[in-house]
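Asker: Here it is: the structure, laid out below.
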Amino acid sequence: METVTPTAAGPRSTAVGDNAFIIKSLNRHVTVSGFSNALGKLKRIPIVQACVIYDDKYSGGIQRHLVINNAFHIKGMKVNLIPPMMMRMAGLHVYECPKFLVIGEPSEEHHTIYFPDEELRVPLLLEKVVSYIPTRRPDDGDMLGNLPNALHLTPDVDDWDPNDPSRANQESAMIDWKGETAIRKRKDDQNIFELNTTSEVSTALSVLDEGSFGFTVMKKYFISALTIRNRKYFTTVADLSKVFNCSREVARRTLERTTQRCSRATSLGLSRRYSTNDRMLRYPRLRRNMFMDTLFTSVKSTRGYKCAQLLVSDYGCIGILPWRVERISTLRSSRFSRIEAYPLSLSAIELQNK
């Protein structure tokens, strides 16, 4: 069973305690649980906007008002908790590595938080193994007239969902099929090319076999967009707009986003019993060629199998389907297609009894 082993312990969302000034309540509540069910839950925890003061002793004791947005207000807690990701999403530069652990020569950037708009760098301190900013709770006099010039430690947004999967999806998209970083080239260094016609695509595929064409392009280029042009449609934007009484823009997007694999001709007339023939549409498609062969054994298995159908694609996908008797090859390949996907083509070696 796969589980999660975090590389850094910390909260998923911001939380403030008694040492923060509550600017306003956002009229939302959450239920907070610990890392174990045995710790129980805290119910109806309010979400607030809070403020703390950082006394910048490196700049003559200037008071810096730091605003914390969308924070859980947990009464009785003596510390404030902020995930580094939330500070980074607010546009701050967070360098968490302590200076004494830096490989090589440490610099002023290490173990600091940098506010690029204000050109302010705040050094971090260590409490055992936790990095922190020394702050204090402001009083009413400290807050007068200073809030408009405050610095935001977290994004100034209406809501924050720590369970949003989009961040994990974005991080996964930054890793290619080899486990390496998908580096985005600078615009000046990009080699942009277009394949507009079928003849140009055929020429490109003649240089490389179809199986390695995509891998070679991904290795040499960063593909930011893919456009299909001169596509042949079975209808037009004007006809589709007229039939379905929709705008031309809706009709154009519909043509671009539909496969139109199951087109119908009216030369023989329409019928109320017109078959849908949606078998070609209900199953997923594998945009690769598939090769098939049959393996035989002289010993019958405990389940009665004496043959096996081997299916291999040109990029390494393997599927094995057992047989009890020798039958037409498409019988089992259709079963595999329903479970996995339909390939572009299926090349089978003819069965021969030996």
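Going by the structure tokens order, chains are called A, B, ..., each with residues numbered from 1, while ligands are numbered from 1 in the order shown.
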Do a neighbour search on A:Pro84 at 9 Å with only C-alpha atoms, toss out local chain neighbours closer than 4 positions, and write the hits as a ChimeraX atom specification.

Answerer: /A:88-89,94,96

Asker: Can I get the selected residues back with N, CA and C atoms, as a short mmCIF file (atom, residue, chain, number, x, y, z; two decimals), in the first residue's frame?

Answerer:
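Output (out-v2.cif):
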```
data_model
loop_
_atom_site.label_atom_id
_atom_site.label_comp_id
_atom_site.auth_asym_id
_atom_site.auth_seq_id
_atom_site.Cartn_x
_atom_site.Cartn_y
_atom_site.Cartn_z
N ARG A 88 5.35 31.47 -0.68
CA ARG A 88 5.82 31.51 -2.07
C ARG A 88 4.69 31.89 -3.03
N MET A 89 3.48 31.41 -2.77
CA MET A 89 2.35 31.76 -3.61
C MET A 89 1.97 33.23 -3.46
N VAL A 94 11.41 32.42 -0.47
CA VAL A 94 11.67 31.75 0.80
C VAL A 94 12.88 30.83 0.63
N GLU A 96 14.81 28.36 2.91
CA GLU A 96 14.66 27.72 4.21
C GLU A 96 15.94 27.09 4.75
#
```

Asker: Enumerate, as an MDAnalysis selection string, the complete set of residues in stretch 5-167 of chain A that a backbone-based DSSP assignment places in strand (DSSP E).

Answerer: chainID A and resid 15:16 21:33 41:56 62:73 93:95 112:115 120:123 125:127 130:132 151:152

Asker: Quick check, in Å to one decimal: how far apart do atom CA of A:Val52 and atom CA of A:Lys99 lie?

Answerer: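 Separating atom CA of A:Val52 from atom CA of A:Lys99 is a distance of 25.5 Å.
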
Asker: With only C-alpha atoms as the counted atoms, please give the residues lying no more than 12 Å from A:Leu240, apart from itself and same-chain residues fewer than 3 positions off, as a ChimeraX atom specification.

Answerer: /A:233-237,243-255

Asker: Do a neighbour search on A:Pro116 at 8 Å with only C-alpha atoms, toss out local chain neighbours closer than 5 positions, and write the hits as a list of chain:residue names.

Answerer: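 Listed by chain and then number, they are A:Gly91, A:Leu92, A:His93.
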
Asker: Mind dumping the selected residues with C-alpha atoms as an mmCIF file, in the first residue's frame?

Answerer:
```
data_model
loop_
_atom_site.group_PDB
_atom_site.id
_atom_site.type_symbol
_atom_site.label_atom_id
_atom_site.label_comp_id
_atom_site.auth_asym_id
_atom_site.auth_seq_id
_atom_site.Cartn_x
_atom_site.Cartn_y
_atom_site.Cartn_z
ATOM 1 C CA GLY A 91 5.275 36.134 -4.321
ATOM 2 C CA LEU A 92 7.853 35.925 -1.528
ATOM 3 C CA HIS A 93 11.246 34.303 -1.974
#
```
